[in-house]
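Q: My structure is stored as input_29.pdb, with PDB, C-alpha atoms.
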ATOM      1  CA  MET A 217       0.000   0.000   0.000  1.00  0.00           C
ATOM      2  CA  ALA A 218       1.616   3.209  -1.172  1.00  0.00           C
ATOM      3  CA  THR A 219       0.724   6.349   0.727  1.00  0.00           C
ATOM      4  CA  GLU A 220       0.224   9.406  -1.372  1.00  0.00           C
ATOM      5  CA  THR A 221       1.734  12.589   0.019  1.00  0.00           C
ATOM      6  CA  THR A 222       0.423  15.966  -1.006  1.00  0.00           C
ATOM      7  CA  LYS A 223       3.075  18.290  -2.280  1.00  0.00           C
ATOM      8  CA  THR A 224       2.864  21.722  -0.717  1.00  0.00           C
ATOM      9  CA  ARG A 225       5.009  24.699  -1.412  1.00  0.00           C
ATOM     10  CA  GLY A 226       6.938  26.045   1.539  1.00  0.00           C
ATOM     11  CA  PRO A 227       6.650  24.964   5.166  1.00  0.00           C
ATOM     12  CA  GLN A 228       3.684  23.184   6.744  1.00  0.00           C
ATOM     13  CA  LEU A 229       1.316  25.941   7.936  1.00  0.00           C
ATOM     14  CA  GLU A 230      -0.883  26.029  11.031  1.00  0.00           C
ATOM     15  CA  ALA A 231      -4.411  27.522  10.830  1.00  0.00           C
ATOM     16  CA  HIS A 232      -3.378  30.809  12.456  1.00  0.00           C
ATOM     17  CA  GLN A 233      -0.491  31.116   9.956  1.00  0.00           C
ATOM     18  CA  VAL A 234      -2.731  30.620   6.913  1.00  0.00           C
ATOM     19  CA  ILE A 235      -5.185  33.466   7.676  1.00  0.00           C
ATOM     20  CA  ILE A 236      -3.252  36.717   8.111  1.00  0.00           C
ATOM     21  CA  ALA A 237      -6.126  39.216   8.439  1.00  0.00           C
ATOM     22  CA  PRO A 238      -9.721  39.798   7.357  1.00  0.00           C
ATOM     23  CA  LEU A 239     -10.129  42.461   4.691  1.00  0.00           C
ATOM     24  CA  ILE A 240     -12.777  44.942   5.824  1.00  0.00           C
ATOM     25  CA  THR A 241     -13.760  46.937   2.732  1.00  0.00           C
ATOM     26  CA  GLU A 242     -17.003  48.359   1.423  1.00  0.00           C
ATOM     27  CA  LYS A 243     -17.311  45.647  -1.222  1.00  0.00           C
ATOM     28  CA  GLY A 244     -16.374  42.915   1.252  1.00  0.00           C
ATOM     29  CA  THR A 245     -18.955  44.148   3.745  1.00  0.00           C
ATOM     30  CA  HIS A 246     -21.630  44.082   1.049  1.00  0.00           C
ATOM     31  CA  GLN A 247     -20.689  40.512   0.077  1.00  0.00           C
ATOM     32  CA  SER A 248     -20.797  39.334   3.680  1.00  0.00           C
ATOM     33  CA  THR A 249     -24.157  40.905   4.542  1.00  0.00           C
ATOM     34  CA  HIS A 250     -26.006  40.110   1.310  1.00  0.00           C
ATOM     35  CA  GLU A 251     -27.860  36.789   1.706  1.00  0.00           C
ATOM     36  CA  HIS A 252     -27.019  35.540  -1.803  1.00  0.00           C
ATOM     37  CA  HIS A 253     -23.266  36.006  -1.419  1.00  0.00           C
ATOM     38  CA  ASN A 254     -22.409  35.210   2.229  1.00  0.00           C
ATOM     39  CA  ALA A 255     -18.717  35.610   1.300  1.00  0.00           C
ATOM     40  CA  TYR A 256     -15.844  36.941   3.408  1.00  0.00           C
ATOM     41  CA  THR A 257     -12.433  38.123   2.227  1.00  0.00           C
ATOM     42  CA  PHE A 258      -9.119  37.425   3.944  1.00  0.00           C
ATOM     43  CA  GLN A 259      -5.478  38.183   3.349  1.00  0.00           C
ATOM     44  CA  VAL A 260      -3.770  34.788   3.404  1.00  0.00           C
ATOM     45  CA  ASN A 261      -0.262  33.370   3.294  1.00  0.00           C
ATOM     46  CA  LEU A 262       1.249  33.230  -0.207  1.00  0.00           C
ATOM     47  CA  TRP A 263       1.982  29.505   0.184  1.00  0.00           C
ATOM     48  CA  ALA A 264      -1.525  28.569   1.355  1.00  0.00           C
ATOM     49  CA  THR A 265      -3.642  26.353  -0.912  1.00  0.00           C
ATOM     50  CA  LYS A 266      -7.417  26.489  -1.232  1.00  0.00           C
ATOM     51  CA  GLU A 267      -7.788  23.350   0.886  1.00  0.00           C
ATOM     52  CA  GLN A 268      -5.566  24.797   3.641  1.00  0.00           C
ATOM     53  CA  ILE A 269      -7.621  28.014   3.590  1.00  0.00           C
ATOM     54  CA  ARG A 270     -10.863  26.015   3.835  1.00  0.00           C
ATOM     55  CA  VAL A 271      -9.593  24.022   6.842  1.00  0.00           C
ATOM     56  CA  ALA A 272      -8.198  27.137   8.573  1.00  0.00           C
ATOM     57  CA  VAL A 273     -11.452  29.113   8.295  1.00  0.00           C
ATOM     58  CA  GLN A 274     -13.501  26.146   9.522  1.00  0.00           C
ATOM     59  CA  GLU A 275     -11.155  25.635  12.472  1.00  0.00           C
ATOM     60  CA  LEU A 276     -10.771  29.285  13.513  1.00  0.00           C
ATOM     61  CA  PHE A 277     -14.371  30.479  13.063  1.00  0.00           C
ATOM     62  CA  ASN A 278     -16.401  27.224  13.479  1.00  0.00           C
ATOM     63  CA  VAL A 279     -18.298  27.647  10.194  1.00  0.00           C
ATOM     64  CA  ARG A 280     -18.960  25.483   7.120  1.00  0.00           C
ATOM     65  CA  VAL A 281     -17.108  26.595   3.976  1.00  0.00           C
ATOM     66  CA  GLU A 282     -18.714  25.939   0.591  1.00  0.00           C
ATOM     67  CA  LYS A 283     -16.214  27.512  -1.791  1.00  0.00           C
ATOM     68  CA  VAL A 284     -12.808  29.227  -1.789  1.00  0.00           C
ATOM     69  CA  ARG A 285     -11.557  31.574  -4.515  1.00  0.00           C
ATOM     70  CA  THR A 286      -8.046  33.045  -4.471  1.00  0.00           C
ATOM     71  CA  GLN A 287      -6.281  35.961  -6.150  1.00  0.00           C
ATOM     72  CA  LEU A 288      -2.600  36.848  -6.311  1.00  0.00           C
ATOM     73  CA  ARG A 289      -2.326  40.609  -5.931  1.00  0.00           C
ATOM     74  CA  LEU A 290       0.728  42.496  -7.161  1.00  0.00           C
ATOM     75  CA  GLY A 291       2.385  44.947  -4.793  1.00  0.00           C
ATOM     76  CA  LYS A 292       1.995  48.621  -5.619  1.00  0.00           C
ATOM     77  CA  LYS A 293       4.862  50.880  -6.648  1.00  0.00           C
ATOM     78  CA  ARG A 294       5.770  53.397  -3.970  1.00  0.00           C
ATOM     79  CA  ARG A 295       8.199  56.289  -3.940  1.00  0.00           C
ATOM     80  CA  PHE A 296      10.393  57.228  -1.006  1.00  0.00           C
ATOM     81  CA  ARG A 297      12.333  60.439  -1.578  1.00  0.00           C
ATOM     82  CA  PHE A 298      14.203  59.902  -4.852  1.00  0.00           C
ATOM     83  CA  ARG A 299      13.875  56.148  -5.159  1.00  0.00           C
ATOM     84  CA  PHE A 300      11.081  53.889  -6.319  1.00  0.00           C
ATOM     85  CA  GLY A 301      10.270  50.642  -4.599  1.00  0.00           C
ATOM     86  CA  ARG A 302       7.531  48.048  -4.448  1.00  0.00           C
ATOM     87  CA  LEU A 303       5.266  46.764  -1.723  1.00  0.00           C
ATOM     88  CA  PRO A 304       5.282  42.969  -1.456  1.00  0.00           C
ATOM     89  CA  ASN A 305       2.877  40.804  -3.446  1.00  0.00           C
ATOM     90  CA  TRP A 306       0.051  39.275  -1.411  1.00  0.00           C
ATOM     91  CA  LYS A 307      -2.715  36.713  -1.699  1.00  0.00           C
ATOM     92  CA  LYS A 308      -6.429  37.342  -1.223  1.00  0.00           C
ATOM     93  CA  ALA A 309      -9.014  34.640  -0.516  1.00  0.00           C
ATOM     94  CA  ILE A 310     -12.777  34.986  -0.916  1.00  0.00           C
ATOM     95  CA  VAL A 311     -14.491  32.354   1.224  1.00  0.00           C
ATOM     96  CA  LYS A 312     -18.160  31.532   0.640  1.00  0.00           C
ATOM     97  CA  LEU A 313     -19.941  30.085   3.671  1.00  0.00           C
ATOM     98  CA  HIS A 314     -22.999  27.895   4.113  1.00  0.00           C
ATOM     99  CA  LYS A 315     -26.168  30.024   4.075  1.00  0.00           C
ATOM    100  CA  GLU A 316     -26.825  29.411   7.794  1.00  0.00           C
ATOM    101  CA  ASP A 317     -23.321  30.415   8.967  1.00  0.00           C
ATOM    102  CA  LYS A 318     -21.964  33.890   9.713  1.00  0.00           C
ATOM    103  CA  ILE A 319     -18.691  35.398  10.938  1.00  0.00           C
ATOM    104  CA  GLU A 320     -18.848  38.420  13.256  1.00  0.00           C
ATOM    105  CA  PHE A 321     -15.725  40.599  13.144  1.00  0.00           C
ATOM    106  CA  PHE A 322     -17.068  43.396  15.366  1.00  0.00           C
TER     107      PHE A 322
END
Would you mind writing the file out in structure tokens?

A:
Amino acid sequence: MATETTKTRGPQLEAHQVIIAPLITEKGTHQSTHEHHNAYTFQVNLWATKEQIRVAVQELFNVRVEKVRTQLRLGKKRRFRFRFGRLPNWKKAIVKLHKEDKIEFF
């Protein structure tokens, strides 16, 4: 019997390392309060997979996750005095919950 190992990029992440912060924006608030969407946005670790994000949200907030969508966001260009630099790239996850579940941030 051969055991199949899942290949992950980077180190093994704990649930609190996968979810960095919730993104509280006007659009995100609308998606979370509207009954058809029931979706919440989070900034997540760049190495996190959709399955790791699903498990982390279920573990941290005790909710049922239906769907996870991810986006890789490019860091913005910023200027400091006479030099140009970049902010780091980051990953955004949109997590859709079961219609009976909710997450309260406030």

Q: Kindly provide the residues of segment 222-248 of chain A that approach segment 259-273 of chain A to within 10 Å, each paired with its closest atom pair and their distance in Å to one decimal, based on all atoms listed in the file, listed by chain and increasing number, as a tab-separated table.

A:
residue	atom	partner	partner_atom	distance
A:Thr224	CA	A:Trp263	CA	7.9
A:Arg225	CA	A:Trp263	CA	5.9
A:Gly226	CA	A:Trp263	CA	6.2
A:Pro227	CA	A:Trp263	CA	8.2
A:Gln228	CA	A:Ala264	CA	9.2
A:Leu229	CA	A:Ala264	CA	7.6
A:Glu230	CA	A:Ala272	CA	7.8
A:Ala231	CA	A:Ala272	CA	4.4
A:His232	CA	A:Ala272	CA	7.2
A:Gln233	CA	A:Asn261	CA	7.0
A:Val234	CA	A:Asn261	CA	5.2
A:Ile235	CA	A:Val260	CA	4.7
A:Ile236	CA	A:Val260	CA	5.1
A:Ala237	CA	A:Gln259	CA	5.2
A:Pro238	CA	A:Gln259	CA	6.1
A:Leu239	CA	A:Gln259	CA	6.5

Q: What would the selection look like, as a ChimeraX atom specification, if the PyMOL selection byres ((chain A and resi 286) around 6) were run on the coordinates I just shared?

A: /A:285,287,308-309

Q: Quick one: apply the PyMOL selection byres ((chain A and resi 304) around 12) to the file and drop the selected residues here as a PyMOL selection string.

A: chain A and resi 262+288-294+301-303+305-307

Q: Grab the atom CA of Ser248 of chain A to atom CA of Val281 of chain A distance for me, in Å with one decimal place.

A: 13.3 Å

Q: Need the shell around Val311 of chain A: protein/DNA/RNA residues with any atom at most 6 Å away, counting all atoms listed in the file. Skip same-chain ones fewer than 3 positions apart. Format as a list of chain:residue names?

A: A:Ala255, A:Tyr256, A:Lys283, A:Val284

Q: Rounded to one decimal place, report the atom CA of Ile240 of chain A-atom CA of His253 of chain A distance in Å.

A: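 Taking atom CA of Ile240 of chain A and atom CA of His253 of chain A, their separation equals 15.6 Å.
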
Q: Which distance in Å separates atom CA of Asp317 of chain A and atom CA of Arg280 of chain A, to one decimal?

A: 6.8 Å

Q: For the PyMOL selection byres ((chain A and resi 315) around 9), applied here, can you spell out every residue it catches as a ChimeraX atom specification?

A: /A:251-254,312-314,316-318

Q: Extract segment 221-289 of chain A from the structure I just pasted (atoms: C-alpha atoms) and return it as a PDB file, in the first residue's frame.

A:
ATOM      1  CA  THR A 221       1.734  12.589   0.019  1.00  0.00           C
ATOM      2  CA  THR A 222       0.423  15.966  -1.006  1.00  0.00           C
ATOM      3  CA  LYS A 223       3.075  18.290  -2.280  1.00  0.00           C
ATOM      4  CA  THR A 224       2.864  21.722  -0.717  1.00  0.00           C
ATOM      5  CA  ARG A 225       5.009  24.699  -1.412  1.00  0.00           C
ATOM      6  CA  GLY A 226       6.938  26.045   1.539  1.00  0.00           C
ATOM      7  CA  PRO A 227       6.650  24.964   5.166  1.00  0.00           C
ATOM      8  CA  GLN A 228       3.684  23.184   6.744  1.00  0.00           C
ATOM      9  CA  LEU A 229       1.316  25.941   7.936  1.00  0.00           C
ATOM     10  CA  GLU A 230      -0.883  26.029  11.031  1.00  0.00           C
ATOM     11  CA  ALA A 231      -4.411  27.522  10.830  1.00  0.00           C
ATOM     12  CA  HIS A 232      -3.378  30.809  12.456  1.00  0.00           C
ATOM     13  CA  GLN A 233      -0.491  31.116   9.956  1.00  0.00           C
ATOM     14  CA  VAL A 234      -2.731  30.620   6.913  1.00  0.00           C
ATOM     15  CA  ILE A 235      -5.185  33.466   7.676  1.00  0.00           C
ATOM     16  CA  ILE A 236      -3.252  36.717   8.111  1.00  0.00           C
ATOM     17  CA  ALA A 237      -6.126  39.216   8.439  1.00  0.00           C
ATOM     18  CA  PRO A 238      -9.721  39.798   7.357  1.00  0.00           C
ATOM     19  CA  LEU A 239     -10.129  42.461   4.691  1.00  0.00           C
ATOM     20  CA  ILE A 240     -12.777  44.942   5.824  1.00  0.00           C
ATOM     21  CA  THR A 241     -13.760  46.937   2.732  1.00  0.00           C
ATOM     22  CA  GLU A 242     -17.003  48.359   1.423  1.00  0.00           C
ATOM     23  CA  LYS A 243     -17.311  45.647  -1.222  1.00  0.00           C
ATOM     24  CA  GLY A 244     -16.374  42.915   1.252  1.00  0.00           C
ATOM     25  CA  THR A 245     -18.955  44.148   3.745  1.00  0.00           C
ATOM     26  CA  HIS A 246     -21.630  44.082   1.049  1.00  0.00           C
ATOM     27  CA  GLN A 247     -20.689  40.512   0.077  1.00  0.00           C
ATOM     28  CA  SER A 248     -20.797  39.334   3.680  1.00  0.00           C
ATOM     29  CA  THR A 249     -24.157  40.905   4.542  1.00  0.00           C
ATOM     30  CA  HIS A 250     -26.006  40.110   1.310  1.00  0.00           C
ATOM     31  CA  GLU A 251     -27.860  36.789   1.706  1.00  0.00           C
ATOM     32  CA  HIS A 252     -27.019  35.540  -1.803  1.00  0.00           C
ATOM     33  CA  HIS A 253     -23.266  36.006  -1.419  1.00  0.00           C
ATOM     34  CA  ASN A 254     -22.409  35.210   2.229  1.00  0.00           C
ATOM     35  CA  ALA A 255     -18.717  35.610   1.300  1.00  0.00           C
ATOM     36  CA  TYR A 256     -15.844  36.941   3.408  1.00  0.00           C
ATOM     37  CA  THR A 257     -12.433  38.123   2.227  1.00  0.00           C
ATOM     38  CA  PHE A 258      -9.119  37.425   3.944  1.00  0.00           C
ATOM     39  CA  GLN A 259      -5.478  38.183   3.349  1.00  0.00           C
ATOM     40  CA  VAL A 260      -3.770  34.788   3.404  1.00  0.00           C
ATOM     41  CA  ASN A 261      -0.262  33.370   3.294  1.00  0.00           C
ATOM     42  CA  LEU A 262       1.249  33.230  -0.207  1.00  0.00           C
ATOM     43  CA  TRP A 263       1.982  29.505   0.184  1.00  0.00           C
ATOM     44  CA  ALA A 264      -1.525  28.569   1.355  1.00  0.00           C
ATOM     45  CA  THR A 265      -3.642  26.353  -0.912  1.00  0.00           C
ATOM     46  CA  LYS A 266      -7.417  26.489  -1.232  1.00  0.00           C
ATOM     47  CA  GLU A 267      -7.788  23.350   0.886  1.00  0.00           C
ATOM     48  CA  GLN A 268      -5.566  24.797   3.641  1.00  0.00           C
ATOM     49  CA  ILE A 269      -7.621  28.014   3.590  1.00  0.00           C
ATOM     50  CA  ARG A 270     -10.863  26.015   3.835  1.00  0.00           C
ATOM     51  CA  VAL A 271      -9.593  24.022   6.842  1.00  0.00           C
ATOM     52  CA  ALA A 272      -8.198  27.137   8.573  1.00  0.00           C
ATOM     53  CA  VAL A 273     -11.452  29.113   8.295  1.00  0.00           C
ATOM     54  CA  GLN A 274     -13.501  26.146   9.522  1.00  0.00           C
ATOM     55  CA  GLU A 275     -11.155  25.635  12.472  1.00  0.00           C
ATOM     56  CA  LEU A 276     -10.771  29.285  13.513  1.00  0.00           C
ATOM     57  CA  PHE A 277     -14.371  30.479  13.063  1.00  0.00           C
ATOM     58  CA  ASN A 278     -16.401  27.224  13.479  1.00  0.00           C
ATOM     59  CA  VAL A 279     -18.298  27.647  10.194  1.00  0.00           C
ATOM     60  CA  ARG A 280     -18.960  25.483   7.120  1.00  0.00           C
ATOM     61  CA  VAL A 281     -17.108  26.595   3.976  1.00  0.00           C
ATOM     62  CA  GLU A 282     -18.714  25.939   0.591  1.00  0.00           C
ATOM     63  CA  LYS A 283     -16.214  27.512  -1.791  1.00  0.00           C
ATOM     64  CA  VAL A 284     -12.808  29.227  -1.789  1.00  0.00           C
ATOM     65  CA  ARG A 285     -11.557  31.574  -4.515  1.00  0.00           C
ATOM     66  CA  THR A 286      -8.046  33.045  -4.471  1.00  0.00           C
ATOM     67  CA  GLN A 287      -6.281  35.961  -6.150  1.00  0.00           C
ATOM     68  CA  LEU A 288      -2.600  36.848  -6.311  1.00  0.00           C
ATOM     69  CA  ARG A 289      -2.326  40.609  -5.931  1.00  0.00           C
TER      70      ARG A 289
END
